[in-house]
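Trainee: One structure, as structure tokens, below. Some questions next.
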Amino acid sequence: DSGVTQTPKHLITATGQRVTLRCSPRSGDLSVYWYQQSLDQGLQFLIQYYNGEERAKGNILERFSAQQFPDLHSELNLSSLELGDSALYFCASSERGNGNNEQFFGPGTRLTVL
Amino acid sequence: DAKTTQPNSMESNEEEPVHLPCNHSTISGTDYIHWYRQLPSQGPEYVIHGLTSNVNNRMASLAIAEDRKSSTLILHRATLRDAAVYYCISGSGNTGKLIFGQGTTLQVKP
């Protein structure tokens, strides 16, 4: 158990819908990261937050948005869902927000878009 | 972001050492070298990271070449539970983002 929690574990929805994925970081970790893992693209970095502020952005689609709240939990919002958005979404957290860190990954949310 | 090159797959026998190589020839001076692994049906798991000097922890050792263009992850005694995809990642600079490549699938034979 990494100490990072993600809800829900599974999500099944239809194209065009909007969903919210939630992540609670380890106690004391200030930085949260979101990653997407699909069969064809592998593990891709989406976005990083540090203490409530966006710190780095990857290939995150405009239909996707995220935020980190004052209690440090984070939400990833996916809208106008397409079949290709079906993937595992991982959240990770780290104490600091720089490269000299280990990241702790949650168990992931499996999103299926029908 | 620096790119890494790893073999697609490797095999090892149980209880023998495993050396997993990684090339990162475009690494910049401030980029750390990270290794993560992903067991089937789980999220990635941190293994080790370093900047210039060799590093050891309870899971593995990281040997970094003097010119920093390559590194080797060493598992001292492979177990069946070490069968996983191992990712070598360099870069991230002043952020913590991890840019994953395809990784090396390690198979451990009993």
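Identifiers in the structure tokens: chain A, B, ... in order shown; residue index from 1 per chain; ligand index from 1 in order shown.
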Among chain A, which residues carry a DSSP assignment of strand (DSSP E), reported as a ChimeraX atom specification?

Mentor: /A:5-7,10-13,19-24,31-38,42-50,53-57,64-68,74-78,87-94,104-105,109-113

Trainee: For chain A against chain B, which residues fall within 10 Å using only C-alpha atoms, given as a PyMOL selection string?

Mentor: chain A and resi 2+31-35+37+41-50+55-58+88-94+96-108

Trainee: Extract, using only C-alpha atoms, all DNA, RNA and protein residues at most 12 Å from Ile74 of chain B, discarding same-chain residues fewer than 3 positions from it, and format them as a list in words.

Mentor: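 Listed by chain and then number, they are Ser12, Glu16, Pro17, Val18, His19, Leu20, Pro21, Cys22, Trp35, Val47, Ile48, Asn54, Val55, Asn56, Asn57, Arg58, Met59, Ala60, Ser61, Leu62, Ala63, Ile64, Ser71, Arg77, Ala78, Asp82 and Tyr86 of chain B.
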
Trainee: Need to verify the contact set: Arg22 of chain A, 6 Å, only C-alpha atoms, exclusion of same-chain residues closer than 6 positions in sequence. Can you return it as a PDB file with C-alpha atoms, in the first residue's frame?

Mentor:
ATOM      1  CA  GLN A   6      -7.762   6.908  -5.802  1.00  0.00           C
ATOM      2  CA  THR A   7     -11.498   6.763  -6.309  1.00  0.00           C
ATOM      3  CA  SER A  74      -6.553  16.449  -6.463  1.00  0.00           C
ATOM      4  CA  GLU A  75      -9.230  15.867  -9.052  1.00  0.00           C
TER       5      GLU A  75
END

Trainee: Fewer than 3 positions away in the same chain doesn't count, so skip those; otherwise give me all residues within 8 Å of Arg68 of chain B, counting only C-alpha atoms, as a VMD selection string.

Mentor: chain B and resid 24 to 25 27 52 64 to 65 71
